[in-house]
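Read through the structure below, which is laid out as structure tokens, and then see the notes.
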Amino acid sequence: MSNGSQKARKARSGGYAAVSYRPCQGRATIDSLTATVLACQEDGCQVYDYFPVRGYLSSMNTPLLIGLGEDTLIQRLEISWPSGKKQTLTAVRAGQQLTVDEAAALLDAAEMSAPTHTLFRKEEGLLNYRHQESDFVDFRQVPTQQRMLTRNGPTIVQGDFNRDGRPDVVVGGAYLGSPTVVYHQQANGRFLPADTLPTHQLEVGAIAVLDANGDGKQDIYIAPGASERPLNVREAFQPLLFLGTERGFQLDPALPQVHILSHACLAEDLDGDGHTDLLTGGGYIPGSYPLTSPGVLLLNRKGKLHREPAPWMPQELAVEDMLAADIDQDG
């Protein structure tokens, strides 16, 4: 028998400990999900997250099994609950079926001390908005997906669309759900709806604010996100550009015809000509996970956007965010 086989057999015959969770009275068992366990042995520590879910309507055995190899003792077992409470057990012998009780845990000292100064405070009624998605469920198409791709919540981007010096916002809508609304901030800090953009045919995945045509007014670029509509429905995956005018926003029919599904776009002067360009990253395709949509580069040529090849964009990865920087300092 080889040395590797002997080690494998010893590891299989080694110790273990099983940990079950009991949340505080009045709380559901689901409230213990994402509890973290730190198990320290003589030669190191292991970290486990209590998350037995393995897909849609699928779960592992709920007690957390901690493998100890040849060790027979956990020197320190630390449980961190989602509520912020912590508890520590010492000298835990192998082979035990432990049940940890949140009621016996204590709040961490850092969690208990109230801050003397805060950077933010909650304000009610500044922006009255409630996002609504369609009732589509991704798991009916692909049951093994880890999460639903069509429900990412609203995209919110800041601008100054009426050029009054106060920050305004645009909130992206959802297919068969909320509309895309532009809000202007008032002198009292409240945001009031000023314009509704016609994006009902698509799910807004990403938004960029830029002055595309160089007229001094901010424009809004909308990138389609994941929705239940098939990829062959071109209007559902065609980006939109709304030009700012004195009468509100007007759809620009000259935007190049592209076909993309995205949750990240970047407005930046990428070629250094003084005009803002657009880079749109590809995202996961619903119904075809983990396939992704290719990214799109639109260069601004004196106020007109033109599609350019971008072979350097990731082709097999979903782009969730982007940042432009002069890393090699060549200007």
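Within each chain, counting starts at residue 1; across the structure tokens, chains are named A, B, ... in the order shown, with ligands numbered 1 upward in that order.
Non-sequential neighbours of Gly95 (chain A) (distance at most 12 Å, separation of 6 or more positions within a chain, only C-alpha atoms) are Ser13, Gly14, Gly15, Tyr16, Ala17, Ala18, Val19, Leu65, Ile66, Gly67, Leu68, Gly69, Glu70, Asp71, Thr72, Leu73 and Ile74 of chain A.
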For the selection just defined, write its residues with all heavy atoms to a file, as a CSV table (one decimal), in the first residue's frame.
```
chain,number,residue,atom,x,y,z
A,13,SER,N,-10.5,7.6,8.9
A,13,SER,CA,-10.8,7.0,10.2
A,13,SER,C,-10.7,7.9,11.3
A,13,SER,O,-10.7,7.6,12.5
A,13,SER,CB,-9.9,5.7,10.4
A,13,SER,OG,-8.6,6.1,10.4
A,14,GLY,N,-10.4,9.2,11.0
A,14,GLY,CA,-10.1,10.2,12.1
A,14,GLY,C,-11.4,10.7,12.7
A,14,GLY,O,-12.5,10.2,12.4
A,15,GLY,N,-11.2,11.7,13.6
A,15,GLY,CA,-12.3,12.2,14.4
A,15,GLY,C,-13.1,13.2,13.7
A,15,GLY,O,-12.8,13.7,12.6
A,16,TYR,N,-14.3,13.5,14.3
A,16,TYR,CA,-15.2,14.5,13.7
A,16,TYR,C,-16.0,15.1,14.9
A,16,TYR,O,-16.0,14.5,16.0
A,16,TYR,CB,-16.1,13.9,12.7
A,16,TYR,CG,-17.2,13.0,13.2
A,16,TYR,CD1,-18.4,13.5,13.6
A,16,TYR,CD2,-16.9,11.7,13.5
A,16,TYR,CE1,-19.4,12.7,14.1
A,16,TYR,CE2,-17.9,10.8,14.0
A,16,TYR,CZ,-19.1,11.4,14.4
A,16,TYR,OH,-20.1,10.6,14.9
A,17,ALA,N,-16.7,16.1,14.6
A,17,ALA,CA,-17.7,16.7,15.6
A,17,ALA,C,-18.8,17.2,14.7
A,17,ALA,O,-18.6,17.8,13.6
A,17,ALA,CB,-17.1,17.8,16.4
A,18,ALA,N,-20.1,17.0,15.2
A,18,ALA,CA,-21.3,17.5,14.5
A,18,ALA,C,-21.9,18.6,15.3
A,18,ALA,O,-22.1,18.4,16.5
A,18,ALA,CB,-22.2,16.3,14.3
A,19,VAL,N,-22.2,19.7,14.7
A,19,VAL,CA,-22.8,20.8,15.3
A,19,VAL,C,-24.2,21.1,14.8
A,19,VAL,O,-24.4,21.3,13.6
A,19,VAL,CB,-21.9,22.1,15.2
A,19,VAL,CG1,-22.5,23.3,15.9
A,19,VAL,CG2,-20.5,21.8,15.7
A,65,LEU,N,-20.9,19.1,9.9
A,65,LEU,CA,-19.9,18.1,10.2
A,65,LEU,C,-18.5,18.7,10.1
A,65,LEU,O,-18.1,19.2,9.0
A,65,LEU,CB,-20.1,16.9,9.3
A,65,LEU,CG,-19.3,15.6,9.6
A,65,LEU,CD1,-19.8,15.0,10.9
A,65,LEU,CD2,-19.4,14.6,8.5
A,66,ILE,N,-17.7,18.6,11.2
A,66,ILE,CA,-16.4,19.1,11.2
A,66,ILE,C,-15.4,18.0,11.2
A,66,ILE,O,-15.4,17.2,12.2
A,66,ILE,CB,-16.1,20.0,12.4
A,66,ILE,CG1,-17.1,21.2,12.4
A,66,ILE,CG2,-14.7,20.6,12.4
A,66,ILE,CD1,-17.1,22.0,13.6
A,67,GLY,N,-14.6,17.8,10.2
A,67,GLY,CA,-13.6,16.7,10.1
A,67,GLY,C,-12.4,17.1,10.8
A,67,GLY,O,-11.8,18.2,10.7
A,68,LEU,N,-11.8,16.2,11.6
A,68,LEU,CA,-10.7,16.5,12.5
A,68,LEU,C,-9.4,15.7,12.1
A,68,LEU,O,-8.4,15.8,12.7
A,68,LEU,CB,-11.0,16.2,13.9
A,68,LEU,CG,-12.2,16.9,14.5
A,68,LEU,CD1,-12.4,16.5,16.0
A,68,LEU,CD2,-12.0,18.4,14.4
A,69,GLY,N,-9.6,14.8,11.0
A,69,GLY,CA,-8.4,14.0,10.7
A,69,GLY,C,-8.1,13.1,11.8
A,69,GLY,O,-8.9,12.4,12.3
A,70,GLU,N,-6.8,13.0,12.2
A,70,GLU,CA,-6.3,12.1,13.3
A,70,GLU,C,-6.5,12.8,14.6
A,70,GLU,O,-6.3,12.1,15.7
A,70,GLU,CB,-4.9,11.7,13.0
A,70,GLU,CG,-4.7,10.9,11.8
A,70,GLU,CD,-3.2,10.5,11.6
A,70,GLU,OE1,-2.3,11.2,12.2
A,70,GLU,OE2,-3.0,9.6,10.9
A,71,ASP,N,-6.9,14.1,14.7
A,71,ASP,CA,-7.0,14.7,16.0
A,71,ASP,C,-8.2,14.2,16.7
A,71,ASP,O,-9.2,13.8,16.1
A,71,ASP,CB,-7.2,16.2,15.8
A,71,ASP,CG,-5.9,16.9,15.3
A,71,ASP,OD1,-4.8,16.2,15.4
A,71,ASP,OD2,-5.9,18.0,14.8
A,72,THR,N,-8.2,14.2,18.0
A,72,THR,CA,-9.3,13.8,18.8
A,72,THR,C,-9.8,14.9,19.7
A,72,THR,O,-10.7,14.7,20.5
A,72,THR,CB,-8.8,12.7,19.8
A,72,THR,OG1,-7.8,13.2,20.6
A,72,THR,CG2,-8.4,11.5,19.0
A,73,LEU,N,-9.4,16.2,19.4
A,73,LEU,CA,-9.8,17.3,20.3
A,73,LEU,C,-9.8,18.6,19.5
A,73,LEU,O,-8.9,18.9,18.7
A,73,LEU,CB,-8.8,17.5,21.4
A,73,LEU,CG,-9.2,18.5,22.5
A,73,LEU,CD1,-10.3,18.0,23.4
A,73,LEU,CD2,-7.9,18.8,23.4
A,74,ILE,N,-10.9,19.3,19.6
A,74,ILE,CA,-10.9,20.7,19.1
A,74,ILE,C,-10.6,21.6,20.3
A,74,ILE,O,-11.3,21.7,21.3
A,74,ILE,CB,-12.3,21.1,18.6
A,74,ILE,CG1,-12.8,20.1,17.5
A,74,ILE,CG2,-12.4,22.5,18.1
A,74,ILE,CD1,-14.2,20.4,17.0
```
In region 88-250 of chain A, DSSP helix (DSSP H, G or I) residues written as a list of chain:residue names: A:Glu102, A:Ala103, A:Ala104, A:Ala109, A:Ala110, A:Glu111, A:Met112, A:Asp138, A:Phe139, A:Arg140, A:Arg234, A:Glu235, A:Ala236, A:Phe237
Spatial neighbours of Leu231 (chain A), max dist 12 Å, only C-alpha atoms, sep filter under 2 positions, as a VMD selection string: chain A and resid 202 224 to 229 233 to 238 259 to 261 284 to 288 292 to 293
Please produce a file of those selected residues containing C-alpha atoms, as a compact mmCIF listing (two decimals), in the first residue's frame.
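Output saved as selection.txt:
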```
# COMPACT_ATOMS: atom_id res chain seq x y z
CA LEU A 202 -36.57 45.49 -21.05
CA PRO A 224 -30.52 45.81 -20.66
CA GLY A 225 -30.25 43.31 -17.85
CA ALA A 226 -31.41 39.73 -17.38
CA SER A 227 -35.12 39.14 -17.91
CA GLU A 228 -37.48 36.32 -18.79
CA ARG A 229 -37.65 37.43 -22.44
CA VAL A 233 -36.38 39.39 -28.84
CA ARG A 234 -34.03 42.17 -29.92
CA GLU A 235 -35.86 45.05 -28.24
CA ALA A 236 -35.34 43.39 -24.86
CA PHE A 237 -31.54 43.42 -25.25
CA GLN A 238 -30.92 46.62 -27.22
CA HIS A 259 -27.29 42.78 -28.61
CA ILE A 260 -26.18 42.58 -25.00
CA LEU A 261 -27.22 41.56 -21.52
CA TYR A 284 -25.09 35.74 -17.35
CA ILE A 285 -27.81 34.63 -19.78
CA PRO A 286 -31.02 33.40 -18.08
CA GLY A 287 -32.01 29.95 -19.25
CA SER A 288 -28.42 29.28 -20.44
CA THR A 292 -22.49 34.96 -20.77
CA SER A 293 -23.21 37.76 -23.20
```
In region 148-310 of chain A, DSSP strand (DSSP E) residues written as an MDAnalysis selection string: chainID A and resid 156:159 168:171 180:185 191:197 204:210 219:224 240:245 248:251 264:268 277:281 296:301 304:308
Just the selected residues (C-alpha atoms), exported as an mmCIF file, in the first residue's frame, please.
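Output file selection-v3.cif is given in full below:
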```
data_model
loop_
_atom_site.group_PDB
_atom_site.id
_atom_site.type_symbol
_atom_site.label_atom_id
_atom_site.label_comp_id
_atom_site.auth_asym_id
_atom_site.auth_seq_id
_atom_site.Cartn_x
_atom_site.Cartn_y
_atom_site.Cartn_z
ATOM 1 C CA ILE A 156 -29.740 53.815 -9.148
ATOM 2 C CA VAL A 157 -27.325 56.411 -10.569
ATOM 3 C CA GLN A 158 -26.738 60.026 -9.619
ATOM 4 C CA GLY A 159 -26.638 63.012 -11.964
ATOM 5 C CA ASP A 168 -30.671 64.099 -8.947
ATOM 6 C CA VAL A 169 -31.140 60.351 -9.440
ATOM 7 C CA VAL A 170 -32.459 57.970 -12.071
ATOM 8 C CA VAL A 171 -33.934 54.651 -10.882
ATOM 9 C CA THR A 180 -37.616 53.934 -15.075
ATOM 10 C CA VAL A 181 -38.020 57.283 -13.316
ATOM 11 C CA VAL A 182 -35.866 60.416 -13.133
ATOM 12 C CA TYR A 183 -36.104 62.284 -9.815
ATOM 13 C CA HIS A 184 -35.058 65.901 -9.260
ATOM 14 C CA GLN A 185 -33.927 66.923 -5.802
ATOM 15 C CA PHE A 191 -36.774 63.964 -4.556
ATOM 16 C CA LEU A 192 -39.782 64.421 -6.846
ATOM 17 C CA PRO A 193 -40.431 62.507 -10.111
ATOM 18 C CA ALA A 194 -39.576 64.658 -13.128
ATOM 19 C CA ASP A 195 -39.571 62.257 -16.082
ATOM 20 C CA THR A 196 -40.378 58.640 -16.930
ATOM 21 C CA LEU A 197 -38.200 56.904 -19.510
ATOM 22 C CA VAL A 204 -32.710 47.789 -16.702
ATOM 23 C CA GLY A 205 -29.411 46.140 -15.818
ATOM 24 C CA ALA A 206 -27.025 49.100 -15.715
ATOM 25 C CA ILE A 207 -27.140 52.888 -16.140
ATOM 26 C CA ALA A 208 -24.466 55.423 -17.083
ATOM 27 C CA VAL A 209 -24.777 59.221 -16.995
ATOM 28 C CA LEU A 210 -22.733 61.162 -19.558
ATOM 29 C CA ASP A 219 -27.718 62.075 -21.036
ATOM 30 C CA ILE A 220 -28.734 58.640 -19.736
ATOM 31 C CA TYR A 221 -27.488 55.344 -21.174
ATOM 32 C CA ILE A 222 -29.534 52.231 -20.326
ATOM 33 C CA ALA A 223 -28.047 48.728 -20.634
ATOM 34 C CA PRO A 224 -30.517 45.812 -20.663
ATOM 35 C CA LEU A 240 -31.031 52.827 -25.116
ATOM 36 C CA LEU A 241 -29.622 56.360 -25.034
ATOM 37 C CA PHE A 242 -31.819 59.196 -23.781
ATOM 38 C CA LEU A 243 -30.535 62.668 -24.658
ATOM 39 C CA GLY A 244 -31.168 65.495 -22.216
ATOM 40 C CA THR A 245 -33.103 68.432 -23.673
ATOM 41 C CA GLY A 248 -36.921 66.373 -20.863
ATOM 42 C CA PHE A 249 -35.247 63.249 -22.226
ATOM 43 C CA GLN A 250 -35.569 62.146 -25.849
ATOM 44 C CA LEU A 251 -34.620 58.709 -27.203
ATOM 45 C CA ALA A 264 -22.192 46.863 -15.474
ATOM 46 C CA CYS A 265 -21.356 49.790 -17.741
ATOM 47 C CA LEU A 266 -18.659 52.451 -17.630
ATOM 48 C CA ALA A 267 -18.727 56.002 -19.041
ATOM 49 C CA GLU A 268 -15.151 57.187 -19.518
ATOM 50 C CA ASP A 277 -17.053 56.592 -24.427
ATOM 51 C CA LEU A 278 -19.149 53.669 -23.168
ATOM 52 C CA LEU A 279 -17.997 50.203 -22.144
ATOM 53 C CA THR A 280 -20.712 47.656 -21.372
ATOM 54 C CA GLY A 281 -19.804 44.343 -19.735
ATOM 55 C CA VAL A 296 -19.653 45.972 -26.120
ATOM 56 C CA LEU A 297 -17.386 49.012 -26.641
ATOM 57 C CA LEU A 298 -18.944 52.227 -27.998
ATOM 58 C CA LEU A 299 -16.452 54.978 -28.846
ATOM 59 C CA ASN A 300 -17.647 58.579 -29.052
ATOM 60 C CA ARG A 301 -16.680 60.281 -32.328
ATOM 61 C CA LYS A 304 -21.817 60.055 -32.153
ATOM 62 C CA LEU A 305 -21.308 56.617 -30.635
ATOM 63 C CA HIS A 306 -19.752 53.932 -32.852
ATOM 64 C CA ARG A 307 -19.219 50.276 -32.015
ATOM 65 C CA GLU A 308 -15.621 49.130 -31.988
#
```
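Relative to CA of Leu149 (chain A), CA of Gly177 (chain A) is found at 15.5 Å.
Distance annotation: of A:Met313, A:Arg76, A:Ala318, A:Gly272, the residue with the minimal separation from Leu291 (chain A) is A:Ala318; atom set is only C-alpha atoms.
With distances restricted to only C-alpha atoms, A:Gly282 is the closest residue to Ala310 (chain A) from A:Gly125, A:Gly282, A:Pro154, A:Gly331.
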